[in-house]
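Q: This is the content of entry-v1.cif (mmCIF, C-alpha atoms):
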```cif
data_run
loop_
_atom_site.label_atom_id
_atom_site.label_comp_id
_atom_site.auth_asym_id
_atom_site.auth_seq_id
_atom_site.Cartn_x
_atom_site.Cartn_y
_atom_site.Cartn_z
CA MET A 25 41.38 -32.57 25.82
CA GLY A 26 42.75 -29.76 27.97
CA GLY A 27 42.99 -26.07 27.30
CA GLN A 28 39.87 -24.51 25.84
CA TRP A 29 38.32 -27.81 24.64
CA ALA A 30 35.93 -29.67 26.91
CA SER A 31 36.42 -33.02 25.15
CA ALA A 32 37.81 -34.61 22.00
CA ALA A 33 34.34 -34.34 20.45
CA ASP A 34 34.27 -30.65 21.24
CA PHE A 35 37.66 -30.27 19.57
CA PHE A 36 36.56 -32.05 16.39
CA PHE A 37 33.24 -30.18 16.33
CA MET A 38 35.27 -26.91 16.25
CA GLY A 39 32.28 -24.80 17.30
CA GLY A 40 30.31 -26.02 14.27
CA TYR A 41 33.09 -25.29 11.79
CA GLY A 42 34.66 -28.76 11.92
CA LEU A 43 33.97 -29.54 8.27
CA TYR A 44 35.68 -26.34 7.09
CA VAL A 45 38.62 -26.38 9.49
CA TRP A 46 39.41 -30.10 9.15
CA GLY A 47 38.72 -29.98 5.42
CA THR A 48 41.48 -27.38 5.17
CA TYR A 49 43.99 -29.17 7.38
CA GLY A 50 43.25 -32.63 5.96
CA VAL A 51 43.84 -31.63 2.35
CA SER A 52 46.93 -29.62 3.32
CA LEU A 53 48.42 -32.59 5.14
CA LEU A 54 47.60 -34.92 2.25
CA LEU A 55 49.20 -32.72 -0.42
CA MET A 56 52.19 -31.78 1.72
CA ALA A 57 52.87 -35.45 2.42
CA ALA A 58 52.38 -36.52 -1.21
CA GLU A 59 54.68 -33.89 -2.72
CA PRO A 60 57.92 -34.92 -0.95
CA LEU A 61 57.15 -38.63 -1.50
CA LEU A 62 56.65 -38.11 -5.25
CA THR A 63 59.77 -35.94 -5.37
CA ARG A 64 61.82 -38.59 -3.60
CA ARG A 65 60.61 -41.15 -6.14
CA ARG A 66 61.70 -38.89 -8.98
CA ALA A 67 65.15 -38.38 -7.42
CA ARG A 68 65.66 -42.13 -6.98
CA GLN A 69 64.51 -42.78 -10.54
CA ALA A 70 67.01 -40.19 -11.81
CA LEU A 71 69.84 -41.96 -9.96
CA ARG A 72 68.74 -45.36 -11.31
CA ASP A 73 68.64 -43.98 -14.87
CA ALA A 74 72.12 -42.52 -14.44
CA ALA A 75 73.44 -45.85 -13.12
CA GLN A 76 71.83 -47.68 -16.05
CA ALA A 77 73.48 -45.26 -18.49
CA GLU A 78 76.84 -46.15 -16.90
CA VAL A 79 76.21 -49.87 -17.50
CA TRP A 80 75.43 -49.21 -21.17
CA LYS A 81 78.53 -47.05 -21.52
CA ASP A 82 80.68 -49.86 -20.11
CA SER A 83 79.16 -52.55 -22.31
CA ALA A 84 79.72 -50.39 -25.39
CA LEU A 85 83.45 -50.19 -24.69
CA MET B 10 88.57 -14.37 -8.80
CA ASN B 11 85.78 -11.81 -9.13
CA ILE B 12 82.50 -12.16 -7.33
CA GLY B 13 80.59 -13.25 -10.44
CA THR B 14 82.90 -16.16 -11.09
CA ARG B 15 82.74 -17.17 -7.47
CA LEU B 16 78.95 -16.99 -7.46
CA PHE B 17 78.61 -19.23 -10.48
CA THR B 18 81.27 -21.65 -9.30
CA TYR B 19 79.33 -21.94 -6.09
CA ALA B 20 76.13 -22.42 -8.05
CA ALA B 21 77.64 -25.25 -10.07
CA PRO B 22 75.35 -28.28 -10.08
CA ALA B 23 77.88 -30.61 -8.41
CA ARG B 24 78.43 -28.22 -5.53
CA PHE B 25 74.74 -27.61 -5.15
CA TYR B 26 74.05 -31.34 -5.13
CA SER B 27 76.36 -32.15 -2.22
CA LEU B 28 75.53 -29.05 -0.19
CA SER B 29 71.75 -29.43 -0.49
CA GLY B 30 72.00 -33.17 0.18
CA ALA B 31 73.50 -32.42 3.60
CA LEU B 32 70.84 -29.78 4.34
CA VAL B 33 67.61 -31.55 3.35
CA PRO B 34 67.23 -33.94 6.35
CA TRP B 35 67.74 -31.05 8.81
CA LEU B 36 65.22 -28.93 6.94
CA TRP B 37 62.61 -31.68 7.34
CA VAL B 38 63.26 -31.94 11.07
CA LEU B 39 62.95 -28.16 11.39
CA ALA B 40 59.77 -27.98 9.27
CA VAL B 41 57.99 -30.66 11.32
CA GLY B 42 59.08 -29.08 14.61
CA LEU B 43 57.86 -25.63 13.57
CA ALA B 44 54.56 -27.01 12.25
CA LEU B 45 53.84 -28.98 15.44
CA SER B 46 54.56 -25.99 17.70
CA GLY B 47 52.53 -23.69 15.43
CA LEU B 48 49.56 -26.08 15.42
CA TYR B 49 49.75 -26.54 19.18
CA ILE B 50 49.63 -22.78 19.80
CA GLY B 51 47.03 -22.26 17.07
CA PHE B 52 44.61 -24.89 18.35
CA PHE B 53 45.22 -25.02 22.10
CA LEU B 54 46.48 -21.60 23.19
CA ALA B 55 44.98 -19.16 20.67
CA PRO B 56 41.49 -18.10 21.82
CA VAL B 57 38.32 -18.36 19.76
CA ASP B 58 37.68 -15.30 17.55
CA ALA B 59 34.94 -12.96 18.76
CA VAL B 60 33.47 -12.48 15.26
CA GLN B 61 34.35 -15.59 13.26
CA GLY B 62 34.30 -18.25 15.97
CA ASN B 63 36.62 -21.21 15.38
CA SER B 64 36.47 -20.92 11.58
CA TYR B 65 39.26 -18.34 11.77
CA ARG B 66 41.74 -21.15 12.57
CA ILE B 67 41.91 -21.74 8.81
CA ILE B 68 44.14 -18.65 8.79
CA PHE B 69 47.12 -20.70 10.03
CA ILE B 70 47.20 -22.46 6.64
CA HIS B 71 45.58 -19.87 4.41
CA VAL B 72 47.85 -16.88 5.02
CA PRO B 73 51.19 -18.77 5.04
CA ALA B 74 50.23 -20.62 1.84
CA ALA B 75 49.19 -17.39 0.10
CA TRP B 76 52.33 -15.51 1.17
CA ILE B 77 54.68 -18.27 0.17
CA SER B 78 53.01 -18.93 -3.17
CA MET B 79 53.65 -15.29 -4.12
CA VAL B 80 57.23 -15.21 -2.82
CA LEU B 81 57.97 -18.50 -4.60
CA TYR B 82 56.65 -17.05 -7.85
CA LEU B 83 59.05 -14.12 -7.59
CA ALA B 84 61.90 -16.50 -6.70
CA MET B 85 61.03 -18.66 -9.72
CA ALA B 86 60.99 -15.62 -12.03
CA PHE B 87 64.27 -14.39 -10.51
CA TRP B 88 66.16 -17.66 -11.04
CA ALA B 89 64.64 -18.16 -14.49
CA ALA B 90 65.82 -14.65 -15.47
CA ILE B 91 69.33 -15.26 -14.05
CA GLY B 92 69.52 -18.55 -15.92
CA TRP B 93 68.47 -16.86 -19.13
CA ALA B 94 70.67 -13.76 -18.80
CA PHE B 95 73.90 -15.47 -17.65
CA ASN B 96 73.33 -18.94 -19.09
CA ALA B 97 73.68 -20.30 -15.53
CA ARG B 98 72.48 -23.91 -15.60
CA MET B 99 71.79 -24.24 -11.89
CA ALA B 100 69.60 -21.11 -11.85
CA SER B 101 67.35 -22.48 -14.60
CA MET B 102 67.09 -25.81 -12.78
CA LEU B 103 66.10 -24.03 -9.55
CA ALA B 104 63.36 -22.11 -11.39
CA ARG B 105 61.90 -25.38 -12.65
CA ALA B 106 62.19 -26.98 -9.22
CA ILE B 107 60.22 -24.14 -7.59
CA ALA B 108 57.20 -24.19 -9.94
CA PRO B 109 55.33 -27.30 -8.67
CA THR B 110 55.73 -26.29 -5.01
CA GLY B 111 54.50 -22.78 -5.80
CA ALA B 112 51.49 -24.26 -7.59
CA LEU B 113 50.80 -26.52 -4.59
CA PHE B 114 50.73 -23.59 -2.15
CA THR B 115 48.48 -21.67 -4.55
CA VAL B 116 46.03 -24.59 -4.60
CA LEU B 117 46.13 -24.78 -0.79
CA ALA B 118 45.44 -21.04 -0.43
CA LEU B 119 42.51 -21.29 -2.86
CA TRP B 120 41.14 -24.41 -1.19
CA SER B 121 41.44 -23.05 2.36
CA GLY B 122 40.02 -19.73 1.14
CA ALA B 123 36.94 -21.46 -0.29
CA LEU B 124 36.42 -23.39 2.96
CA TRP B 125 36.79 -20.16 4.92
CA GLY B 126 34.62 -18.12 2.55
CA LYS B 127 31.63 -20.45 2.79
CA PRO B 128 30.93 -20.00 6.53
CA THR B 129 32.17 -16.38 6.62
CA TRP B 130 30.79 -14.83 3.41
CA GLY B 131 28.22 -17.49 2.53
CA THR B 132 29.97 -18.40 -0.72
CA TRP B 133 32.85 -20.66 -1.81
CA TRP B 134 33.97 -18.29 -4.52
CA VAL B 135 33.39 -14.80 -5.85
CA TRP B 136 34.92 -13.11 -8.92
CA ASP B 137 36.37 -10.13 -7.08
CA ALA B 138 39.79 -8.52 -7.57
CA ARG B 139 41.72 -10.44 -4.93
CA LEU B 140 40.38 -13.88 -5.78
CA THR B 141 40.54 -13.42 -9.54
CA SER B 142 44.10 -12.07 -9.59
CA TYR B 143 45.12 -14.90 -7.28
CA LEU B 144 43.52 -17.51 -9.55
CA ILE B 145 45.65 -16.06 -12.36
CA LEU B 146 48.72 -16.89 -10.24
CA LEU B 147 47.73 -20.57 -10.41
CA PHE B 148 47.33 -20.34 -14.19
CA LEU B 149 50.77 -18.70 -14.45
CA TYR B 150 52.36 -21.57 -12.52
CA LEU B 151 50.52 -24.19 -14.58
CA GLY B 152 51.32 -22.31 -17.80
CA TYR B 153 55.01 -22.19 -16.90
CA ILE B 154 55.10 -25.92 -16.14
CA ALA B 155 53.20 -26.83 -19.32
CA LEU B 156 55.41 -24.59 -21.45
CA VAL B 157 58.78 -25.88 -20.23
CA GLU B 158 57.60 -29.49 -20.39
CA ALA B 159 56.28 -29.05 -23.95
CA ILE B 160 59.62 -27.91 -25.44
CA ASP B 161 62.13 -30.72 -25.91
CA ASP B 162 65.23 -28.54 -26.25
CA THR B 163 66.12 -27.87 -22.59
CA LYS B 164 67.80 -24.53 -23.19
CA ARG B 165 64.98 -23.17 -25.35
CA ALA B 166 62.42 -24.45 -22.86
CA ASP B 167 64.21 -22.60 -20.04
CA GLN B 168 64.28 -19.40 -22.08
CA ALA B 169 60.61 -19.55 -23.01
CA GLY B 170 59.73 -20.33 -19.40
CA ALA B 171 61.82 -17.41 -18.17
CA LEU B 172 59.96 -15.02 -20.47
CA LEU B 173 56.58 -16.22 -19.21
CA ALA B 174 57.70 -16.16 -15.56
CA VAL B 175 59.13 -12.63 -15.77
CA VAL B 176 56.15 -11.14 -17.60
CA GLY B 177 53.75 -12.88 -15.19
CA SER B 178 55.48 -11.44 -12.13
CA VAL B 179 53.51 -8.22 -12.77
CA ASN B 180 50.58 -10.11 -11.28
CA VAL B 181 52.17 -10.46 -7.82
CA PRO B 182 51.92 -6.76 -6.77
CA ILE B 183 48.42 -6.70 -8.30
CA ILE B 184 47.36 -9.53 -5.95
CA TYR B 185 49.03 -7.85 -3.00
CA TYR B 186 47.44 -4.42 -3.48
CA SER B 187 44.11 -5.67 -4.85
CA VAL B 188 42.40 -5.35 -1.45
CA ARG B 189 43.39 -1.69 -1.35
CA TRP B 190 42.91 -0.68 -4.99
CA TRP B 191 39.51 -2.26 -5.45
CA ASN B 192 36.46 -2.78 -3.32
CA THR B 193 36.58 -6.49 -2.60
CA LEU B 194 34.85 -9.01 -0.40
CA HIS B 195 38.22 -10.25 0.83
CA GLN B 196 39.24 -8.71 4.14
CA GLY B 197 42.16 -6.26 4.22
CA ALA B 198 45.61 -7.03 5.56
CA THR B 199 45.76 -8.24 9.18
CA ILE B 200 49.43 -7.34 9.35
CA SER B 201 50.79 -4.27 7.57
CA ALA B 202 53.73 -1.90 7.93
CA SER B 203 51.44 1.09 8.49
CA GLY B 204 48.60 -0.43 10.50
CA GLY B 205 50.55 -2.75 12.77
CA VAL B 206 49.05 -6.04 13.88
CA LYS B 207 45.34 -6.58 14.46
CA MET B 208 45.25 -9.92 16.24
CA ALA B 209 45.94 -11.60 19.59
CA ASP B 210 49.57 -12.48 20.42
CA THR B 211 48.98 -16.23 20.41
CA MET B 212 47.17 -16.04 17.05
CA LEU B 213 50.05 -14.06 15.59
CA MET B 214 52.63 -16.44 17.06
CA ALA B 215 50.83 -19.47 15.59
CA MET B 216 50.59 -17.81 12.18
CA LEU B 217 54.28 -16.85 12.15
CA LEU B 218 55.36 -20.36 13.20
CA MET B 219 53.18 -21.90 10.49
CA THR B 220 54.63 -19.46 7.96
CA LEU B 221 58.16 -20.49 8.94
CA ALA B 222 57.15 -24.16 8.77
CA CYS B 223 55.77 -23.74 5.24
CA TRP B 224 58.86 -21.78 4.29
CA VAL B 225 61.25 -24.48 5.48
CA TYR B 226 59.03 -27.13 3.85
CA ALA B 227 59.31 -25.22 0.57
CA PHE B 228 63.12 -25.11 0.82
CA ALA B 229 63.30 -28.83 1.61
CA VAL B 230 61.05 -30.02 -1.20
CA VAL B 231 62.46 -27.58 -3.78
CA PHE B 232 66.00 -28.74 -2.94
CA MET B 233 64.89 -32.38 -3.31
CA ARG B 234 63.36 -31.67 -6.72
CA ALA B 235 66.34 -29.58 -7.83
CA ARG B 236 68.63 -32.51 -6.94
CA ALA B 237 66.52 -34.84 -9.08
CA ILE B 238 66.65 -32.36 -11.99
CA VAL B 239 70.44 -31.99 -11.60
CA VAL B 240 70.95 -35.75 -11.93
CA GLU B 241 68.53 -35.95 -14.89
CA ARG B 242 70.29 -33.17 -16.78
CA GLU B 243 73.90 -33.88 -15.84
CA GLN B 244 73.78 -37.61 -16.51
CA HIS B 245 76.55 -37.34 -19.10
CA THR B 246 79.03 -35.62 -16.76
CA ALA B 247 81.94 -37.24 -14.96
CA TRP B 248 80.72 -36.24 -11.50
CA VAL B 249 77.34 -37.97 -11.95
CA SER B 250 79.16 -41.09 -13.22
CA ALA B 251 81.26 -41.00 -10.08
CA LEU B 252 78.16 -40.43 -7.98
CA VAL B 253 76.29 -43.51 -9.22
CA GLN B 254 79.40 -45.73 -9.32
CA PRO B 255 81.46 -44.52 -6.40
CA ALA B 256 83.56 -47.71 -6.12
CA ARG B 257 85.03 -47.35 -9.60
CA GLY B 258 85.99 -43.70 -9.24
CA ALA B 259 85.09 -41.25 -12.01
#
```
Could you render the structure as structure tokens?
A:
Amino acid sequence: MGGQWASAADFFFMGGYGLYVWGTYGVSLLLMAAEPLLTRRRARQALRDAAQAEVWKDSAL
Amino acid sequence: MNIGTRLFTYAAPARFYSLSGALVPWLWVLAVGLALSGLYIGFFLAPVDAVQGNSYRIIFIHVPAAWISMVLYLAMAFWAAIGWAFNARMASMLARAIAPTGALFTVLALWSGALWGKPTWGTWWVWDARLTSYLILLFLYLGYIALVEAIDDTKRADQAGALLAVVGSVNVPIIYYSVRWWNTLHQGATISASGGVKMADTMLMAMLLMTLACWVYAFAVVFMRARAIVVEREQHTAWVSALVQPARGA
């Protein structure tokens, strides 16, 4: 593993605090990946709705 | 043209939309780069803590998330107030775009704090001044979101939200000074103007890089959400028509 860690297992064990440390980083990664994905979906939906409104406006003319 | 006119012209939704659209991809690149270098230093170069062992590495998420959640709250209250006072549409939209990201960082600070508290204090949670005032920050974010979503009239919703956000901002200095004003289980500030820095250089470097990463992340995702809100609200305008049907012109 290099540096201060003897092996990958040592790294994941985190001196006995693995559950707490990886529990923190895992949930952070999950939420910080989900938020931009959900936001991108909302932005695309907004553009689709706007395009649909244009179609209706045209057909009403 | 006076500065006020210029400011609000610049803040016009159409201008914001194109400017932020160009920025967002670069912000993501920057956020990922900062996070990777911060994590590398935090996990491979920063030494183990003499007292807390490796559990202290939670700090690289906990402190940035807590800082940014408080700064975002003040930013949300600021833009909500500007939107209310000057009837500036873009300011109100920015306030709404900030709220979910602020709530997310509050949840992360609470979650990482619980996972740090268990091995360090022997408990996930305690009703002391710092933790309780910080939990109120989460309720303020959730209250703001619930309030603005519950009112159908956009303008009235923005005004009601602004009132809640501004009144609630009293809580931010209370959180910040709670470790000094009251006897709490939460440790005091590691970095302060008067006391200097009480940590190793590599630890500090990792924490600052992670703070910058979270900061840039917040800008990127808030801009993305603000762009979505702009399109939702400005659907009737000529520039959005032109945007979704570029071939036909406006």
Q: Residue by residue, what does the PyMOL selection byres ((chain B) within 10 of (chain A)) grab here? Present the result as a ChimeraX atom specification.
A: /B:52-57,61-71,74,109-110,113-114,116-118,120-128,223,226-227,229-245,249-254
Q: So that all listed atoms of region 41-59 of chain A fit with 3 Å spare on each side, what axis-aligned box centre and edge lengths in Å, to one decimal, would you give as lines of an AutoDock Vina configuration file?
A:
```
center_x = 43.9
center_y = -30.9
center_z = 4.6
size_x = 27.6
size_y = 17.2
size_z = 20.6
```
Q: Expressed in Å to a single decimal, how great is the separation between CA of Trp80 (chain A) and CA of Arg98 (chain B)?
A: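 Value for the CA of Trp80 (chain A)-CA of Arg98 (chain B) distance: 26.1 Å.
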Q: Kindly resolve the PyMOL selection byres ((chain B and resi 139) around 12) on the present coordinates and return the residues as a count of residues only.
A: 34
Q: Rounded to one decimal in Å, what is the spacing between CA of Leu218 (chain B) and CA of Leu48 (chain B)?
A: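 Answer for the CA of Leu218 (chain B) to CA of Leu48 (chain B) separation: 8.4 Å.
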Q: What is the CA of Ala171 (chain B)-CA of Ala108 (chain B) distance in Å, reported with one decimal?
A: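 Between these atoms lies a distance of 11.6 Å.
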Q: Considering all atoms listed in the file, can you say which of B:Val38, B:Val72, B:Ala21, B:Met212 comes closest to Ala100 (chain B)?
A: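 Under the stated criterion, the closest residue is B:Ala21.
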Q: Check which residues satisfy the PyMOL selection byres ((chain B and resi 156) around 12) in the file shown, then give them as a list in words.
A: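 Applying the PyMOL selection byres ((chain B and resi 156) around 12) to the structure shown produces Arg105, Ala108, Phe148, Leu149, Tyr150, Leu151, Gly152, Tyr153, Ile154, Ala155, Val157, Glu158, Ala159, Ile160, Asp161, Asp162, Thr163, Arg165, Ala166, Asp167, Gln168, Ala169, Gly170, Ala171, Leu172, Leu173 and Ala174 of chain B.
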Q: Which neighbours of Leu36 (chain B) fall inside 9 Å, counting all atoms listed in the file, when residues of the same chain fewer than 3 positions from it are skipped, and could you give them as a short mmCIF file (atom, residue, chain, number, x, y, z; two decimals) with C-alpha atoms, keeping the file's coordinate frame?
A:
```
data_model
loop_
_atom_site.label_atom_id
_atom_site.label_comp_id
_atom_site.auth_asym_id
_atom_site.auth_seq_id
_atom_site.Cartn_x
_atom_site.Cartn_y
_atom_site.Cartn_z
CA LEU B 32 70.84 -29.78 4.34
CA VAL B 33 67.61 -31.55 3.35
CA LEU B 39 62.95 -28.16 11.39
CA ALA B 40 59.77 -27.98 9.27
CA VAL B 41 57.99 -30.66 11.32
CA VAL B 225 61.25 -24.48 5.48
CA TYR B 226 59.03 -27.13 3.85
CA PHE B 228 63.12 -25.11 0.82
CA ALA B 229 63.30 -28.83 1.61
#
```
